[in-house]
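The file coords-v8.pdb comes next; it holds PDB, C-alpha atoms and all ligand atoms.
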```pdb
ATOM      1  CA  MET A 123      13.597   9.260   0.280  1.00  0.00           C
ATOM      2  CA  LYS A 124      15.733   8.974  -2.828  1.00  0.00           C
ATOM      3  CA  PHE A 125      14.950   7.723  -6.328  1.00  0.00           C
ATOM      4  CA  ASN A 126      17.252   5.589  -8.402  1.00  0.00           C
ATOM      5  CA  LEU A 127      17.318   6.057 -12.195  1.00  0.00           C
ATOM      6  CA  SER A 128      15.787   2.601 -12.650  1.00  0.00           C
ATOM      7  CA  PHE A 129      12.714   3.844 -10.742  1.00  0.00           C
ATOM      8  CA  PHE A 130      12.023   6.460 -13.436  1.00  0.00           C
ATOM      9  CA  LEU A 131      12.631   3.954 -16.228  1.00  0.00           C
ATOM     10  CA  MET A 132      10.071   1.704 -14.571  1.00  0.00           C
ATOM     11  CA  ILE A 133       7.534   4.564 -14.405  1.00  0.00           C
ATOM     12  CA  ILE A 134       7.976   5.251 -18.131  1.00  0.00           C
ATOM     13  CA  PHE A 135       7.615   1.554 -18.869  1.00  0.00           C
ATOM     14  CA  MET A 136       4.449   1.316 -16.745  1.00  0.00           C
ATOM     15  CA  ILE A 137       2.886   4.399 -18.367  1.00  0.00           C
ATOM     16  CA  LEU A 138       3.506   2.844 -21.782  1.00  0.00           C
ATOM     17  CA  TYR A 139       2.100  -0.408 -20.470  1.00  0.00           C
ATOM     18  CA  GLY A 140      -0.932   1.362 -19.013  1.00  0.00           C
ATOM     19  CA  SER A 141      -0.850   0.035 -15.463  1.00  0.00           C
ATOM     20  CA  THR A 142       0.254   3.063 -13.470  1.00  0.00           C
ATOM     21  CA  LYS A 143      -2.396   2.667 -10.774  1.00  0.00           C
ATOM     22  CA  LYS A 144      -1.272  -0.859  -9.902  1.00  0.00           C
ATOM     23  CA  PHE A 145       2.343   0.208 -10.123  1.00  0.00           C
ATOM     24  CA  PHE A 146       1.864   3.001  -7.592  1.00  0.00           C
ATOM     25  CA  LEU A 147      -0.062   0.734  -5.245  1.00  0.00           C
ATOM     26  CA  ILE A 148       2.739  -1.849  -5.325  1.00  0.00           C
ATOM     27  CA  TYR A 149       5.270   0.876  -4.619  1.00  0.00           C
ATOM     28  CA  LEU A 150       3.190   2.222  -1.783  1.00  0.00           C
ATOM     29  CA  PHE A 151       3.167  -1.201  -0.098  1.00  0.00           C
ATOM     30  CA  VAL A 152       6.899  -1.679  -0.694  1.00  0.00           C
ATOM     31  CA  LEU A 153       7.478   1.721   0.861  1.00  0.00           C
ATOM     32  CA  ILE A 154       5.320   0.940   3.907  1.00  0.00           C
ATOM     33  CA  HIS A 155       7.329  -2.294   4.305  1.00  0.00           C
ATOM     34  CA  GLU A 156      10.590  -0.314   4.376  1.00  0.00           C
ATOM     35  CA  MET A 157       9.172   2.324   6.698  1.00  0.00           C
ATOM     36  CA  PHE A 158       8.290  -0.352   9.256  1.00  0.00           C
ATOM     37  CA  HIS A 159      11.876  -1.667   9.225  1.00  0.00           C
ATOM     38  CA  VAL A 160      13.126   1.878   9.734  1.00  0.00           C
ATOM     39  CA  ALA A 161      10.564   2.721  12.426  1.00  0.00           C
ATOM     40  CA  VAL A 162      11.503  -0.303  14.535  1.00  0.00           C
ATOM     41  CA  ALA A 163      15.234   0.416  14.094  1.00  0.00           C
ATOM     42  CA  LYS A 164      14.626   4.020  15.173  1.00  0.00           C
ATOM     43  CA  ALA A 165      12.624   2.836  18.157  1.00  0.00           C
ATOM     44  CA  PHE A 166      15.788   0.966  19.216  1.00  0.00           C
ATOM     45  CA  GLY A 167      17.743   4.209  18.875  1.00  0.00           C
ATOM     46  CA  MET A 168      19.585   3.151  15.713  1.00  0.00           C
ATOM     47  CA  LYS A 169      20.616   5.529  12.950  1.00  0.00           C
ATOM     48  CA  THR A 170      19.023   5.123   9.541  1.00  0.00           C
ATOM     49  CA  ASP A 171      19.624   6.573   6.100  1.00  0.00           C
ATOM     50  CA  LYS A 172      17.268   7.511   3.260  1.00  0.00           C
ATOM     51  CA  ILE A 173      14.963   4.908   1.719  1.00  0.00           C
ATOM     52  CA  ILE A 174      16.017   4.404  -1.910  1.00  0.00           C
ATOM     53  CA  LEU A 175      13.438   3.392  -4.509  1.00  0.00           C
ATOM     54  CA  TYR A 176      14.533   1.253  -7.444  1.00  0.00           C
ATOM     55  CA  GLY A 177      12.717  -0.017 -10.511  1.00  0.00           C
ATOM     56  CA  LEU A 178      12.264  -3.337  -8.737  1.00  0.00           C
ATOM     57  CA  GLY A 179      11.777  -2.593  -5.073  1.00  0.00           C
ATOM     58  CA  ALA A 180      13.334  -0.373  -2.460  1.00  0.00           C
ATOM     59  CA  ASN A 181      15.899  -0.518   0.273  1.00  0.00           C
ATOM     60  CA  ALA A 182      16.553   1.171   3.567  1.00  0.00           C
ATOM     61  CA  ARG A 183      19.963   1.490   5.172  1.00  0.00           C
ATOM     62  CA  ILE A 184      20.346   0.893   8.858  1.00  0.00           C
ATOM     63  CA  ILE A 185      23.709   1.969  10.168  1.00  0.00           C
ATOM     64  CA  ASN A 186      25.669  -0.391  12.430  1.00  0.00           C
ATOM     65  CA  PHE A 187      22.940  -3.011  12.227  1.00  0.00           C
ATOM     66  CA  ASN A 188      25.500  -5.714  12.929  1.00  0.00           C
ATOM     67  CA  ASN A 189      26.242  -4.247  16.361  1.00  0.00           C
ATOM     68  CA  ALA A 190      22.670  -4.779  17.533  1.00  0.00           C
ATOM     69  CA  ASN A 191      21.773  -7.836  19.571  1.00  0.00           C
ATOM     70  CA  MET A 192      19.944 -10.846  18.171  1.00  0.00           C
ATOM     71  CA  GLN A 193      16.465  -9.869  19.441  1.00  0.00           C
ATOM     72  CA  LYS A 194      16.668  -6.364  17.986  1.00  0.00           C
ATOM     73  CA  LYS A 195      17.904  -7.675  14.642  1.00  0.00           C
ATOM     74  CA  PHE A 196      15.076 -10.187  14.521  1.00  0.00           C
ATOM     75  CA  LEU A 197      12.414  -7.569  15.292  1.00  0.00           C
ATOM     76  CA  ILE A 198      13.790  -5.072  12.747  1.00  0.00           C
ATOM     77  CA  LEU A 199      13.848  -7.786  10.069  1.00  0.00           C
ATOM     78  CA  MET A 200      10.354  -9.064  10.889  1.00  0.00           C
ATOM     79  CA  ALA A 201       8.775  -5.584  10.902  1.00  0.00           C
ATOM     80  CA  GLY A 202       8.663  -5.338   7.081  1.00  0.00           C
ATOM     81  CA  PRO A 203       6.975  -8.675   6.285  1.00  0.00           C
ATOM     82  CA  LEU A 204       4.622  -8.272   9.267  1.00  0.00           C
ATOM     83  CA  SER A 205       3.453  -4.888   7.968  1.00  0.00           C
ATOM     84  CA  ASN A 206       2.480  -6.604   4.689  1.00  0.00           C
ATOM     85  CA  LEU A 207       0.722  -9.390   6.545  1.00  0.00           C
ATOM     86  CA  PHE A 208      -1.242  -6.795   8.495  1.00  0.00           C
ATOM     87  CA  LEU A 209      -2.169  -4.914   5.293  1.00  0.00           C
ATOM     88  CA  TYR A 210      -3.153  -8.204   3.664  1.00  0.00           C
ATOM     89  CA  LEU A 211      -5.614  -8.932   6.493  1.00  0.00           C
ATOM     90  CA  ILE A 212      -7.056  -5.416   6.314  1.00  0.00           C
ATOM     91  CA  PHE A 213      -7.562  -5.520   2.529  1.00  0.00           C
ATOM     92  CA  LYS A 214      -8.919  -9.034   2.599  1.00  0.00           C
ATOM     93  CA  PHE A 215     -11.424  -8.716   5.442  1.00  0.00           C
ATOM     94  CA  PHE A 216     -12.286  -5.005   5.611  1.00  0.00           C
ATOM     95  CA  PHE A 217     -12.069  -3.818   2.009  1.00  0.00           C
ATOM     96  CA  ALA A 218     -12.324  -7.030   0.003  1.00  0.00           C
ATOM     97  CA  ASN A 219      -9.761  -5.579  -2.372  1.00  0.00           C
ATOM     98  CA  LYS A 220      -8.247  -8.559  -4.208  1.00  0.00           C
ATOM     99  CA  PHE A 221      -5.349  -6.747  -5.843  1.00  0.00           C
ATOM    100  CA  CYS A 222      -4.134  -5.049  -2.651  1.00  0.00           C
ATOM    101  CA  ALA A 223      -4.587  -8.217  -0.596  1.00  0.00           C
ATOM    102  CA  ALA A 224      -2.696 -10.342  -3.149  1.00  0.00           C
ATOM    103  CA  THR A 225       0.126  -7.810  -3.486  1.00  0.00           C
ATOM    104  CA  ASN A 226       0.652  -7.707   0.273  1.00  0.00           C
ATOM    105  CA  ILE A 227       0.579 -11.436   0.874  1.00  0.00           C
ATOM    106  CA  PHE A 228       3.027 -11.836  -2.022  1.00  0.00           C
ATOM    107  CA  LEU A 229       5.359  -9.195  -0.522  1.00  0.00           C
ATOM    108  CA  CYS A 230       5.122 -10.887   2.871  1.00  0.00           C
ATOM    109  CA  ILE A 231       5.903 -14.398   1.596  1.00  0.00           C
ATOM    110  CA  PHE A 232       8.487 -13.297  -0.959  1.00  0.00           C
ATOM    111  CA  ASN A 233      10.452 -11.303   1.614  1.00  0.00           C
ATOM    112  CA  LEU A 234      10.436 -14.255   3.982  1.00  0.00           C
ATOM    113  CA  LEU A 235      12.119 -16.610   1.487  1.00  0.00           C
ATOM    114  CA  PRO A 236      15.265 -17.905   3.215  1.00  0.00           C
ATOM    115  CA  VAL A 237      17.622 -16.333   0.707  1.00  0.00           C
ATOM    116  CA  TYR A 238      19.973 -13.395   0.845  1.00  0.00           C
ATOM    117  CA  PRO A 239      19.418 -10.401   0.894  1.00  0.00           C
ATOM    118  CA  LEU A 240      15.724 -10.815   1.655  1.00  0.00           C
ATOM    119  CA  ASP A 241      14.492 -10.439   5.224  1.00  0.00           C
ATOM    120  CA  GLY A 242      13.846 -14.185   5.480  1.00  0.00           C
ATOM    121  CA  GLY A 243      17.427 -14.922   4.416  1.00  0.00           C
ATOM    122  CA  ARG A 244      18.814 -12.609   7.067  1.00  0.00           C
ATOM    123  CA  ILE A 245      16.585 -14.157   9.728  1.00  0.00           C
ATOM    124  CA  PHE A 246      17.725 -17.602   8.573  1.00  0.00           C
ATOM    125  CA  LEU A 247      21.347 -16.478   8.866  1.00  0.00           C
ATOM    126  CA  LEU A 248      20.710 -15.182  12.403  1.00  0.00           C
ATOM    127  CA  ALA A 249      19.316 -18.587  13.358  1.00  0.00           C
ATOM    128  CA  LEU A 250      22.300 -20.363  11.756  1.00  0.00           C
ATOM    129  CA  LYS A 251      24.763 -18.134  13.590  1.00  0.00           C
ATOM    130  CA  LYS A 252      23.057 -18.879  16.863  1.00  0.00           C
ATOM    131  CA  MET A 253      23.353 -22.617  16.166  1.00  0.00           C
ATOM    132  CA  PHE A 254      26.687 -22.944  14.369  1.00  0.00           C
ATOM    133  CA  GLY A 255      28.633 -19.791  15.211  1.00  0.00           C
ATOM    134  CA  LEU A 256      31.268 -18.769  12.684  1.00  0.00           C
ATOM    135  CA  GLN A 257      30.635 -21.704  10.362  1.00  0.00           C
ATOM    136  CA  ALA A 258      27.173 -20.317   9.635  1.00  0.00           C
ATOM    137  CA  ASN A 259      28.353 -17.914   6.878  1.00  0.00           C
ATOM    138  CA  LYS A 260      29.931 -20.707   4.846  1.00  0.00           C
ATOM    139  CA  PHE A 261      26.878 -22.926   5.049  1.00  0.00           C
ATOM    140  CA  PHE A 262      24.590 -19.981   4.322  1.00  0.00           C
ATOM    141  CA  ILE A 263      26.460 -19.028   1.132  1.00  0.00           C
ATOM    142  CA  CYS A 264      26.220 -22.637  -0.140  1.00  0.00           C
ATOM    143  CA  PHE A 265      22.553 -22.783   0.746  1.00  0.00           C
ATOM    144  CA  ASN A 266      21.926 -19.517  -1.140  1.00  0.00           C
ATOM    145  CA  HIS A 267      23.443 -20.873  -4.328  1.00  0.00           C
ATOM    146  CA  PHE A 268      21.498 -24.083  -3.952  1.00  0.00           C
ATOM    147  CA  PHE A 269      18.230 -22.205  -3.356  1.00  0.00           C
ATOM    148  CA  ILE A 270      18.622 -19.882  -6.340  1.00  0.00           C
ATOM    149  CA  ILE A 271      19.697 -22.664  -8.704  1.00  0.00           C
ATOM    150  CA  SER A 272      16.674 -24.748  -7.614  1.00  0.00           C
ATOM    151  CA  LEU A 273      14.413 -21.763  -8.220  1.00  0.00           C
ATOM    152  CA  ILE A 274      15.839 -21.233 -11.726  1.00  0.00           C
ATOM    153  CA  PHE A 275      15.266 -24.919 -12.426  1.00  0.00           C
ATOM    154  CA  LEU A 276      11.672 -24.762 -11.103  1.00  0.00           C
ATOM    155  CA  GLY A 277      11.159 -21.599 -13.165  1.00  0.00           C
ATOM    156  CA  ILE A 278      12.160 -23.417 -16.326  1.00  0.00           C
ATOM    157  CA  VAL A 279       9.861 -26.333 -15.478  1.00  0.00           C
ATOM    158  CA  GLN A 280       7.019 -23.891 -14.750  1.00  0.00           C
ATOM    159  CA  PHE A 281       7.635 -22.119 -18.074  1.00  0.00           C
ATOM    160  CA  PHE A 282       7.210 -25.320 -20.076  1.00  0.00           C
ATOM    161  CA  ILE A 283       4.297 -26.721 -18.089  1.00  0.00           C
ATOM    162  CA  PHE A 284       2.222 -23.533 -17.710  1.00  0.00           C
ATOM    163  CA  MET A 285       3.289 -22.065 -21.017  1.00  0.00           C
ATOM    164  CA  PRO A 286       3.965 -18.407 -21.104  1.00  0.00           C
ATOM    165  CA  ASN A 287       4.170 -18.177 -17.297  1.00  0.00           C
ATOM    166  CA  PHE A 288       7.688 -17.224 -16.267  1.00  0.00           C
ATOM    167  CA  SER A 289       6.970 -15.689 -12.827  1.00  0.00           C
ATOM    168  CA  LEU A 290       9.239 -18.090 -10.882  1.00  0.00           C
ATOM    169  CA  PHE A 291      11.965 -17.625 -13.424  1.00  0.00           C
ATOM    170  CA  SER A 292      11.765 -13.816 -13.043  1.00  0.00           C
ATOM    171  CA  ILE A 293      11.920 -14.143  -9.272  1.00  0.00           C
ATOM    172  CA  ALA A 294      15.005 -16.363  -9.601  1.00  0.00           C
ATOM    173  CA  LEU A 295      16.682 -13.860 -11.929  1.00  0.00           C
ATOM    174  CA  TYR A 296      15.871 -10.956  -9.625  1.00  0.00           C
ATOM    175  CA  LEU A 297      17.307 -12.871  -6.663  1.00  0.00           C
ATOM    176  CA  THR A 298      20.452 -13.767  -8.591  1.00  0.00           C
ATOM    177  CA  TYR A 299      20.912 -10.068  -9.300  1.00  0.00           C
ATOM    178  CA  VAL A 300      20.352  -8.665  -5.794  1.00  0.00           C
ATOM    179  CA  ASN A 301      22.140 -11.606  -4.201  1.00  0.00           C
ATOM    180  CA  LYS A 302      25.376 -10.996  -6.130  1.00  0.00           C
ATOM    181  CA  LYS A 303      25.113  -7.247  -5.731  1.00  0.00           C
ATOM    182  CA  SER A 304      24.937  -7.155  -1.981  1.00  0.00           C
ATOM    183  CA  PHE A 305      26.475 -10.259  -0.493  1.00  0.00           C
ATOM    184  CA  MET A 306      29.287  -8.306   1.070  1.00  0.00           C
ATOM    185  CA  ASP A 307      27.060  -6.247   3.320  1.00  0.00           C
ATOM    186  CA  LEU A 308      26.920  -9.364   5.490  1.00  0.00           C
ATOM    187  CA  PHE A 309      29.865  -7.701   7.145  1.00  0.00           C
ATOM    188  CA  CYS A 310      28.936  -4.016   7.389  1.00  0.00           C
ATOM    189  CA  ASP A 311      25.751  -1.896   7.440  1.00  0.00           C
ATOM    190  CA  LEU A 312      22.410  -3.304   6.558  1.00  0.00           C
ATOM    191  CA  TYR A 313      20.504  -2.647   3.379  1.00  0.00           C
ATOM    192  CA  LEU A 314      17.018  -3.963   3.888  1.00  0.00           C
ATOM    193  CA  TYR A 315      14.779  -5.072   1.056  1.00  0.00           C
TER
HETATM  194 ZN    ZN B 401      12.247  -6.036   4.147  1.00  0.00          ZN
END
```

What does this structure look like when you write it as structure tokens?
Amino acid sequence: MKFNLSFFLMIIFMILYGSTKKFFLIYLFVLIHEMFHVAVAKAFGMKTDKIILYGLGANARIINFNNANMQKKFLILMAGPLSNLFLYLIFKFFFANKFCAATNIFLCIFNLLPVYPLDGGRIFLLALKKMFGLQANKFFICFNHFFIISLIFLGIVQFFIFMPNFSLFSIALYLTYVNKKSFMDLFCDLYLY
């Protein structure tokens, strides 16, 4: 496991903000999500690198992911969101812990959004490739831009209707950032989020 500078900045920010307990819980669930991706990849005999923690999330590198077959890719990608779904059910029905349940169902749904580089986006791309072959990448890139622009628009609408609520807008900004940053790994190793 490795820590990015932004992770420490986030810790300082959270200490000042006074919500360290929630912060660590969120990180724990993000980490479990990544560990499930890695565990399934390892079960398929694939090489993995350290999990890197950032201020806003984490990622795990799986070497030569693109050489794996469709079924393996699908299972590796699904492992993360499914771990959050599982945790959601446990916290909802066995512990009745609202915060942990809500965090996990959010992580599950968020990561399944059909946009790059989230797990859902990669699964969507796999499906497109199966259907349209080489043309899939082109369509997928257009769809990504369309999706993020729509989300920014919805975020602005949400801001004005539900006054200081800018959660959708923040999600759109975060996606714009990670999307730009890592589009090119479509063609090499995998960095999972
Ligand atoms: Zn993931």

(request) Have a look at CA of Val279 in chain A and CA of Leu295 in chain A and let me know their distance in Å, one decimal. (result)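 Separation between CA of Val279 in chain A and CA of Leu295 in chain A: 14.7 Å.
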
(request) Tell me which of A:Asn266, A:Ser128, A:Asn191, A:Asn219 sits closest to Phe246 in chain A, counting all atoms listed in the file. (result)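 The shortest atom-to-atom distance to Phe246 in chain A comes from A:Asn266.
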
(message) Can you measure CA of Phe215 in chain A to CA of Val160 in chain A for me? One decimal in Å is fine.
(response) 27.1 Å

How big is the axis-aligned box, and where does its centre sit, when it encloses all atoms of range 232-247 of chain A listed in the file and has 6 Å added on every side, reported in Å to one decimal as JSON?
```
{"center_x": 14.9, "center_y": -14.2, "center_z": 4.4, "size_x": 24.9, "size_y": 19.5, "size_z": 22.7}
```

(message) Is it possible to get the residues within 12 Å of (16.8, -2.8, 6.5) (coordinates as in the file, counting all atoms listed in the file) written as an NGL selection string?
(response) :A and (153 or 155-164 or 168-174 or 180-188 or 195-203 or 233 or 239-242 or 244-245 or 307 or 311-315)

Mind telling me what the PyMOL selection byres (((chain A and resi 267) around 12) and not hetatm) catches here, as a tab-separated table (two decimals) with C-alpha atoms, in the frame of the given file?
```tsv
chain	number	residue	atom	x	y	z
A	236	PRO	CA	15.26	-17.90	3.22
A	237	VAL	CA	17.62	-16.33	0.71
A	238	TYR	CA	19.97	-13.40	0.84
A	260	LYS	CA	29.93	-20.71	4.85
A	261	PHE	CA	26.88	-22.93	5.05
A	262	PHE	CA	24.59	-19.98	4.32
A	263	ILE	CA	26.46	-19.03	1.13
A	264	CYS	CA	26.22	-22.64	-0.14
A	265	PHE	CA	22.55	-22.78	0.75
A	266	ASN	CA	21.93	-19.52	-1.14
A	268	PHE	CA	21.50	-24.08	-3.95
A	269	PHE	CA	18.23	-22.20	-3.36
A	270	ILE	CA	18.62	-19.88	-6.34
A	271	ILE	CA	19.70	-22.66	-8.70
A	272	SER	CA	16.67	-24.75	-7.61
A	273	LEU	CA	14.41	-21.76	-8.22
A	274	ILE	CA	15.84	-21.23	-11.73
A	294	ALA	CA	15.00	-16.36	-9.60
A	297	LEU	CA	17.31	-12.87	-6.66
A	298	THR	CA	20.45	-13.77	-8.59
A	301	ASN	CA	22.14	-11.61	-4.20
A	302	LYS	CA	25.38	-11.00	-6.13
A	305	PHE	CA	26.48	-10.26	-0.49
```

(message) Assuming the chain letters and numbering stay as they are in my file, what does the PyMOL selection byres (((chain A and resi 220-229) around 9) and not hetatm) actually select? List them as number ranges by chain.
(response) A: 144, 147-148, 151-152, 155, 203, 205-214, 217-219, 230-234

(message) One decimal, in Å: what's the spacing between CA of Lys194 in chain A and CA of Phe166 in chain A?
(response) 7.5 Å

(message) From the options A:Ala165, A:Ile134, A:Ala249, A:Leu204, which residue's atoms come nearest to ligand ZN 401 (chain B), counting all atoms listed in the file?
(response)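 Among A:Ala165, A:Ile134, A:Ala249, A:Leu204, it is A:Leu204 that comes nearest to ligand ZN 401 (chain B).
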
Could you name the residues that touch Leu175 in chain A at 7 Å or less, counting all atoms listed in the file, but leaving out those on the same chain fewer than 6 positions away, as a compact mmCIF listing (two decimals) with C-alpha atoms, in the coordinates of the input?
```
# COMPACT_ATOMS: atom_id res chain seq x y z
CA LYS A 124 15.73 8.97 -2.83
CA PHE A 125 14.95 7.72 -6.33
CA ASN A 126 17.25 5.59 -8.40
CA PHE A 129 12.71 3.84 -10.74
CA ASN A 181 15.90 -0.52 0.27
```

(message) For a quick check of understanding, using all atoms listed in the file, which of A:Ile133, A:Phe288, A:Ile154, A:Lys251 has the smallest distance to ligand ZN 401 (chain B)?
(response)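 Ranked by minimum distance to ligand ZN 401 (chain B), first place goes to A:Ile154.
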
(request) Tell me which of A:Gly167, A:Gly140, A:Ala190, A:Leu235 sits closest to ligand ZN 401 (chain B), counting only C-alpha atoms and all ligand atoms. (result) A:Leu235

(request) Measuring atom to atom with only C-alpha atoms and all ligand atoms, identify which of A:Asn189, A:Gly179, A:Phe254, A:Tyr299 is nearest to ligand ZN 401 (chain B). (result) A:Gly179

Assuming the input is short of atoms at range 282-303 of chain A, produce N, CA and C atoms for that part as an mmCIF file, in the frame of the given file.
```cif
data_model
loop_
_atom_site.group_PDB
_atom_site.id
_atom_site.type_symbol
_atom_site.label_atom_id
_atom_site.label_comp_id
_atom_site.auth_asym_id
_atom_site.auth_seq_id
_atom_site.Cartn_x
_atom_site.Cartn_y
_atom_site.Cartn_z
ATOM 1 N N PHE A 282 7.636 -24.335 -19.071
ATOM 2 C CA PHE A 282 7.210 -25.320 -20.076
ATOM 3 C C PHE A 282 5.870 -25.965 -19.748
ATOM 4 N N ILE A 283 5.564 -26.086 -18.459
ATOM 5 C CA ILE A 283 4.297 -26.721 -18.089
ATOM 6 C C ILE A 283 3.128 -25.742 -18.207
ATOM 7 N N PHE A 284 3.324 -24.525 -17.681
ATOM 8 C CA PHE A 284 2.222 -23.533 -17.710
ATOM 9 C C PHE A 284 2.519 -22.464 -18.745
ATOM 10 N N MET A 285 2.697 -22.817 -19.939
ATOM 11 C CA MET A 285 3.289 -22.065 -21.017
ATOM 12 C C MET A 285 3.644 -20.610 -20.752
ATOM 13 N N PRO A 286 3.007 -19.532 -21.175
ATOM 14 C CA PRO A 286 3.965 -18.407 -21.104
ATOM 15 C C PRO A 286 4.178 -17.870 -19.690
ATOM 16 N N ASN A 287 3.983 -18.678 -18.660
ATOM 17 C CA ASN A 287 4.170 -18.177 -17.297
ATOM 18 C C ASN A 287 5.634 -18.295 -16.863
ATOM 19 N N PHE A 288 6.290 -17.145 -16.709
ATOM 20 C CA PHE A 288 7.688 -17.224 -16.267
ATOM 21 C C PHE A 288 7.891 -16.441 -14.968
ATOM 22 N N SER A 289 6.867 -16.446 -14.077
ATOM 23 C CA SER A 289 6.970 -15.689 -12.827
ATOM 24 C C SER A 289 8.089 -16.208 -11.914
ATOM 25 N N LEU A 290 8.184 -17.539 -11.738
ATOM 26 C CA LEU A 290 9.239 -18.090 -10.882
ATOM 27 C C LEU A 290 10.613 -17.786 -11.450
ATOM 28 N N PHE A 291 10.695 -17.876 -12.755
ATOM 29 C CA PHE A 291 11.965 -17.625 -13.424
ATOM 30 C C PHE A 291 12.399 -16.168 -13.192
ATOM 31 N N SER A 292 11.441 -15.229 -13.278
ATOM 32 C CA SER A 292 11.765 -13.816 -13.043
ATOM 33 C C SER A 292 12.216 -13.602 -11.602
ATOM 34 N N ILE A 293 11.534 -14.271 -10.677
ATOM 35 C CA ILE A 293 11.920 -14.143 -9.272
ATOM 36 C C ILE A 293 13.354 -14.653 -9.082
ATOM 37 N N ALA A 294 13.659 -15.791 -9.713
ATOM 38 C CA ALA A 294 15.005 -16.363 -9.601
ATOM 39 C C ALA A 294 16.049 -15.402 -10.179
ATOM 40 N N LEU A 295 15.731 -14.791 -11.317
ATOM 41 C CA LEU A 295 16.682 -13.860 -11.929
ATOM 42 C C LEU A 295 16.892 -12.636 -11.043
ATOM 43 N N TYR A 296 15.782 -12.122 -10.511
ATOM 44 C CA TYR A 296 15.871 -10.956 -9.625
ATOM 45 C C TYR A 296 16.751 -11.283 -8.417
ATOM 46 N N LEU A 297 16.527 -12.474 -7.839
ATOM 47 C CA LEU A 297 17.307 -12.871 -6.663
ATOM 48 C C LEU A 297 18.784 -13.044 -7.001
ATOM 49 N N THR A 298 19.053 -13.608 -8.174
ATOM 50 C CA THR A 298 20.452 -13.767 -8.591
ATOM 51 C C THR A 298 21.113 -12.398 -8.625
ATOM 52 N N TYR A 299 20.366 -11.421 -9.158
ATOM 53 C CA TYR A 299 20.912 -10.068 -9.300
ATOM 54 C C TYR A 299 21.182 -9.422 -7.938
ATOM 55 N N VAL A 300 20.147 -9.355 -7.079
ATOM 56 C CA VAL A 300 20.352 -8.665 -5.794
ATOM 57 C C VAL A 300 21.293 -9.439 -4.878
ATOM 58 N N ASN A 301 21.286 -10.761 -5.016
ATOM 59 C CA ASN A 301 22.140 -11.606 -4.201
ATOM 60 C C ASN A 301 23.608 -11.312 -4.464
ATOM 61 N N LYS A 302 23.987 -11.283 -5.735
ATOM 62 C CA LYS A 302 25.376 -10.996 -6.130
ATOM 63 C C LYS A 302 25.758 -9.594 -5.701
ATOM 64 N N LYS A 303 24.833 -8.656 -5.935
ATOM 65 C CA LYS A 303 25.113 -7.247 -5.731
ATOM 66 C C LYS A 303 25.452 -6.931 -4.284
#
```
